[in-house]
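Student: Provided herewith is a single structure, encoded as C-alpha cells, for subsequent inquiry.
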Amino acid sequence: MPIASPSRSPVLCRRGFGQLAVGAVAACFAGGRLAHAQGNTAIRFALDRRFDALTAPFLAAQDKGYFGTEGLDVVIESGNGARAMLQRLAAGTQDAGFGDINALIRFRDENPSADLKAVMIIHDRPGYAVIGRKSRGITTAPTSLEGRKLGTASIDASFAQWPIFKSLNKIDDSKIRVETIGLPVREPMLASGEIDALFAFGPSTAVSLKARGVPGEDIVLMDMADHGLLLYGSAVIVSGKFAAAKPDAVRGLVRAVMRGVRDTVVNPGAGAQSVLRRNESAQADVERDKLAAVIERNILTPYVRAHGLGGIDRERWAQALDQLVLAGSFRDKARAGDAFTDAYLPPAGERMF
C-alpha cells in the first residue's frame with residue numbers, strides 16, 4: 001500500500017475496518033515521529049463508518065498532504081455508527097470526527113457534560129432515505145410504504161428520523177412491518193426481494209443496488225429531504241477541550257478538509273482511489289459513482305453554491321430543531337441546539353465552489 005512521504009501528513013496505514021496493514025506499522029510510526037519533531041499537532045480523527053465514498057474527502061486530504069501543510073499530524077480511524085464515534089470524542093480517545101449532526105444534538109442533550117460541537121457541515125442536504133423497489137409496490141409517495149416490509153440496521157441514521165418522517169407525511173406505521181437486520185445484509189435482502197424497502201443513506205445505497213444487479217428503473221429513492229425533512233446531515237465534529245486548547249489546529253483541519261472536498265468534486269475517480277487504498281473490498285467504479293452522487297445531491301446544494309460550504313442557515317436550523325422534537329422531547333433544547341459553531345470556518349469567499 002502506498003505511504004505518503006514522512007515530510008507530509010502520513011497516510012493512514014490501514015485496510016478494511018481499521019486493521020493495520022502488515023509491514024506498514026513502522027513507516028507510520030516513523031512518519032508520526034518526524035511530524036511531531038517538526039512541531040505538527042496530532043489529531044486523532046474518528047469516522048462513524050468504514051472507509052467508503054462518504055469519507056473520501058478526508059482520505060483525499062490526507063493523501064494529498066493537506067493536513068501536513070496545515071501543521072497537522074492526522075490519523076483517521078474507521079468506526080461503526082455516529083453514537084460510538086461521539087462517545088470516543090467525549091471520552092477523549094479521539095479529538096475530532098465525522099458523523100451525523102442530529103446524533104450530536106441528541107448526544108449533547110443526553111450528556112450535559114459532553115462538550116462536543118460541529119465546526120463544518122459537509123452534507124448540507126441529509127442522505128436520510130427509504131430505498132425501495134417498484135416491483136415490490138413502492139412509489140415515490142411515502143404512504144406506499146404502508147402494508148410493506150422494511151429493513152433497517154439498529155444504528156442507521158435514516159431510521160432515527162423515521163418518527164419525524166412518518167409524522168410529516170401522515171404514514172400509518174401500524175400497517176408497516178419494520179425488521180432490524182445487519183448492515184451487511186440490507187442491500188442483498190432488498191435485491192433478493194426479502195424486504196420491500198430499507199432505510200439507508202440514499203444516493204450511495206442506490207448506486208450499490210445497481211451494482212448488485214437491481215435494475216435502475218426498479219429502484220425508488222425516497223429522500224426524506226424531498227418530503228418535508230429540514231435537518232442537516234453529517235459534519236466535522238470536535239471535542240470542546242481540544243478546540244479550546246488548539247483553536248488554530250481546528251481551523252487548519254477545516255481548511256484541509258475543504259481542500260479535500262474540492263479535490264473530490266473535481267475528480268471523484270481519484271477520491272475513489274483514496275478509498276481503495278484503505279478498503280480492499282471496495283470497487284473503484286462503484287465508489288466513484290457513489291461519491292459523484294453524494295457530491296451532487298448532498299454536498300453541492302443550491303444553498304452551498306450560493307453561500308459556500310460548511311455553514312448553516314439559522315432559520316432552517318431552528319426549524320430543524322423543532323422537527324427533532326417530533327422524534328422525542330429535549331431535556332434542554334437550547335443546550336442541545338447549540339451544537340454548531342462557525343468560529344473555525346474560513347471566510348465565505350474561501351468556501352465557494
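Starting from 1 in every chain, residues are counted up; chains themselves are A, B, ... following the order of the C-alpha cells, and ligands are numbered from 1 as listed.
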I'd like the contact shell of stretch 198-213 of chain A - 7 Å cut-off, only C-alpha atoms, skipping same-chain residues fewer than 2 positions apart - returned as a list in words.

Tutor: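 The neighbour list is Gly127, Tyr128, Ala129, Val130, Ile131, Gly132, Leu150, Gly151, Thr152, Asp156, Ser158, Phe159, Arg186, Glu187, Ala191, Pro215, Gly216, Leu221, Asp223, Val286, Asp289, Lys290, Ala293 and Val294 of chain A.
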
Student: Would you give me, as a list in words, the residues in stretch 100-187 of chain A that DSSP reads as strand (DSSP E or B)?

Tutor: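 Strand (DSSP E or B) members of stretch 100-187 of chain A, listed: Asp100, Leu116, Lys117, Ala118, Val119, Met120, Ile121, Tyr128, Ala129, Val130, Ile131, Gly132, Arg133, Lys149, Leu150, Gly151, Thr152, Arg177, Val178, Glu179 and Thr180 of chain A.
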
Student: Those same residues - N, CA and C atoms - I'd like them written as an mmCIF file, in the first residue's frame.

Tutor:
```cif
data_model
loop_
_atom_site.group_PDB
_atom_site.id
_atom_site.type_symbol
_atom_site.label_atom_id
_atom_site.label_comp_id
_atom_site.auth_asym_id
_atom_site.auth_seq_id
_atom_site.Cartn_x
_atom_site.Cartn_y
_atom_site.Cartn_z
ATOM 1 N N ASP A 100 -23.036 12.179 12.034
ATOM 2 C CA ASP A 100 -24.380 12.750 11.923
ATOM 3 C C ASP A 100 -24.586 13.859 12.955
ATOM 4 N N LEU A 116 -19.079 18.760 22.898
ATOM 5 C CA LEU A 116 -18.731 18.468 21.509
ATOM 6 C C LEU A 116 -19.505 19.414 20.604
ATOM 7 N N LYS A 117 -18.865 19.868 19.540
ATOM 8 C CA LYS A 117 -19.552 20.762 18.604
ATOM 9 C C LYS A 117 -19.157 20.472 17.170
ATOM 10 N N ALA A 118 -20.117 20.665 16.270
ATOM 11 C CA ALA A 118 -19.840 20.608 14.839
ATOM 12 C C ALA A 118 -19.210 21.926 14.419
ATOM 13 N N VAL A 119 -18.190 21.843 13.568
ATOM 14 C CA VAL A 119 -17.498 23.051 13.124
ATOM 15 C C VAL A 119 -17.553 23.230 11.611
ATOM 16 N N MET A 120 -18.107 22.248 10.910
ATOM 17 C CA MET A 120 -18.189 22.330 9.448
ATOM 18 C C MET A 120 -19.236 21.342 8.947
ATOM 19 N N ILE A 121 -20.271 21.849 8.318
ATOM 20 C CA ILE A 121 -21.283 20.982 7.719
ATOM 21 C C ILE A 121 -20.734 20.446 6.392
ATOM 22 N N TYR A 128 -30.640 10.920 4.494
ATOM 23 C CA TYR A 128 -31.657 10.045 5.062
ATOM 24 C C TYR A 128 -32.673 9.653 3.993
ATOM 25 N N ALA A 129 -32.919 8.367 3.880
ATOM 26 C CA ALA A 129 -33.814 7.925 2.819
ATOM 27 C C ALA A 129 -34.409 6.556 3.115
ATOM 28 N N VAL A 130 -35.506 6.301 2.429
ATOM 29 C CA VAL A 130 -36.057 4.954 2.315
ATOM 30 C C VAL A 130 -35.873 4.559 0.856
ATOM 31 N N ILE A 131 -35.243 3.434 0.618
ATOM 32 C CA ILE A 131 -34.991 2.968 -0.742
ATOM 33 C C ILE A 131 -35.780 1.694 -0.958
ATOM 34 N N GLY A 132 -36.646 1.706 -1.965
ATOM 35 C CA GLY A 132 -37.479 0.541 -2.241
ATOM 36 C C GLY A 132 -37.438 0.151 -3.703
ATOM 37 N N ARG A 133 -38.319 -0.784 -4.047
ATOM 38 C CA ARG A 133 -38.378 -1.267 -5.427
ATOM 39 C C ARG A 133 -39.807 -1.140 -5.948
ATOM 40 N N LYS A 149 -42.858 -4.418 4.044
ATOM 41 C CA LYS A 149 -41.854 -4.867 4.999
ATOM 42 C C LYS A 149 -40.579 -4.078 4.763
ATOM 43 N N LEU A 150 -40.122 -3.363 5.788
ATOM 44 C CA LEU A 150 -38.944 -2.509 5.683
ATOM 45 C C LEU A 150 -37.817 -3.067 6.562
ATOM 46 N N GLY A 151 -36.601 -2.928 6.093
ATOM 47 C CA GLY A 151 -35.440 -3.379 6.840
ATOM 48 C C GLY A 151 -34.581 -2.210 7.284
ATOM 49 N N THR A 152 -33.997 -2.327 8.471
ATOM 50 C CA THR A 152 -33.107 -1.280 8.956
ATOM 51 C C THR A 152 -32.059 -1.863 9.889
ATOM 52 N N ARG A 177 -44.362 -3.294 8.651
ATOM 53 C CA ARG A 177 -43.500 -4.176 9.445
ATOM 54 C C ARG A 177 -42.061 -3.748 9.249
ATOM 55 N N VAL A 178 -41.417 -3.343 10.353
ATOM 56 C CA VAL A 178 -40.015 -2.941 10.304
ATOM 57 C C VAL A 178 -39.182 -4.024 10.968
ATOM 58 N N GLU A 179 -38.207 -4.551 10.231
ATOM 59 C CA GLU A 179 -37.367 -5.632 10.729
ATOM 60 C C GLU A 179 -35.932 -5.128 10.885
ATOM 61 N N THR A 180 -35.360 -5.344 12.077
ATOM 62 C CA THR A 180 -33.967 -4.956 12.315
ATOM 63 C C THR A 180 -33.045 -6.021 11.742
#
```

Student: Give me, as a list in words, the residues of stretch 209-256 of chain A that a backbone DSSP run labels helix (DSSP H, G or I).

Tutor: Leu209, Lys210, Ala211, Gly216, Glu217, Asp218, Met224, Ala225, Asp226, His227, Gly240, Lys241, Phe242, Ala243, Ala244, Ala245, Pro247, Asp248, Ala249, Val250, Arg251, Gly252, Leu253, Val254, Arg255 and Ala256 of chain A

Student: Residues as selected, C-alpha atoms, written as a PDB file, in the first residue's frame, can you do that?

Tutor:
```pdb
ATOM      1  CA  LEU A 209     -28.074  -1.711  -5.518  1.00  0.00           C
ATOM      2  CA  LYS A 210     -27.415  -1.127  -9.203  1.00  0.00           C
ATOM      3  CA  ALA A 211     -24.005  -2.739  -8.768  1.00  0.00           C
ATOM      4  CA  GLY A 216     -32.145   1.235 -12.085  1.00  0.00           C
ATOM      5  CA  GLU A 217     -35.748   1.704 -13.184  1.00  0.00           C
ATOM      6  CA  ASP A 218     -36.871  -0.580 -10.351  1.00  0.00           C
ATOM      7  CA  MET A 224     -36.684  12.367   3.293  1.00  0.00           C
ATOM      8  CA  ALA A 225     -35.484  15.866   2.357  1.00  0.00           C
ATOM      9  CA  ASP A 226     -37.903  15.746  -0.580  1.00  0.00           C
ATOM     10  CA  HIS A 227     -40.779  15.122   1.814  1.00  0.00           C
ATOM     11  CA  GLY A 240     -14.553  21.182  23.060  1.00  0.00           C
ATOM     12  CA  LYS A 241     -11.446  20.542  25.140  1.00  0.00           C
ATOM     13  CA  PHE A 242      -9.314  20.105  22.035  1.00  0.00           C
ATOM     14  CA  ALA A 243     -10.809  23.176  20.340  1.00  0.00           C
ATOM     15  CA  ALA A 244     -10.192  25.338  23.398  1.00  0.00           C
ATOM     16  CA  ALA A 245      -6.598  24.175  23.678  1.00  0.00           C
ATOM     17  CA  PRO A 247      -8.131  26.522  18.039  1.00  0.00           C
ATOM     18  CA  ASP A 248      -5.644  27.081  15.208  1.00  0.00           C
ATOM     19  CA  ALA A 249      -5.410  23.327  14.696  1.00  0.00           C
ATOM     20  CA  VAL A 250      -9.195  23.157  14.298  1.00  0.00           C
ATOM     21  CA  ARG A 251      -9.076  25.949  11.733  1.00  0.00           C
ATOM     22  CA  GLY A 252      -6.309  24.128   9.886  1.00  0.00           C
ATOM     23  CA  LEU A 253      -8.306  20.899   9.981  1.00  0.00           C
ATOM     24  CA  VAL A 254     -11.298  22.645   8.421  1.00  0.00           C
ATOM     25  CA  ARG A 255      -9.160  24.232   5.696  1.00  0.00           C
ATOM     26  CA  ALA A 256      -7.563  20.890   4.843  1.00  0.00           C
TER      27      ALA A 256
END
```

Student: Tell me, counting only C-alpha atoms, for each residue of stretch 281-341 of chain A within 12 Å of stretch 258-275 of chain A, which pair of atoms is nearest and how far apart they are in Å to one decimal, in rows ordered by chain and increasing number, as a tab-separated table.

Tutor:
```
residue	atom	partner	partner_atom	distance
A:Ser281	CA	A:Val275	CA	9.9
A:Ala282	CA	A:Val275	CA	7.4
A:Gln283	CA	A:Ala272	CA	8.4
A:Ala284	CA	A:Ala272	CA	5.8
A:Asp285	CA	A:Gly269	CA	7.7
A:Val286	CA	A:Ala272	CA	8.4
A:Glu287	CA	A:Ala272	CA	5.3
A:Arg288	CA	A:Ala272	CA	5.0
A:Asp289	CA	A:Pro268	CA	7.7
A:Lys290	CA	A:Ala272	CA	8.9
A:Leu291	CA	A:Pro268	CA	6.1
A:Ala292	CA	A:Pro268	CA	6.0
A:Ala293	CA	A:Pro268	CA	9.7
A:Val294	CA	A:Val265	CA	9.9
A:Ile295	CA	A:Val265	CA	6.6
A:Glu296	CA	A:Val265	CA	8.9
A:Asn298	CA	A:Val265	CA	11.9
A:Ile299	CA	A:Val261	CA	9.0
A:Leu300	CA	A:Val265	CA	8.8
A:Gly308	CA	A:Met258	CA	10.5
A:Leu309	CA	A:Met258	CA	8.1
A:Gly310	CA	A:Met258	CA	8.5
```

Student: Would you mind reading off the distance between atom CA of A:Asn40 and atom CA of A:Ala61, one decimal, in Å?

Tutor: 15.8 Å
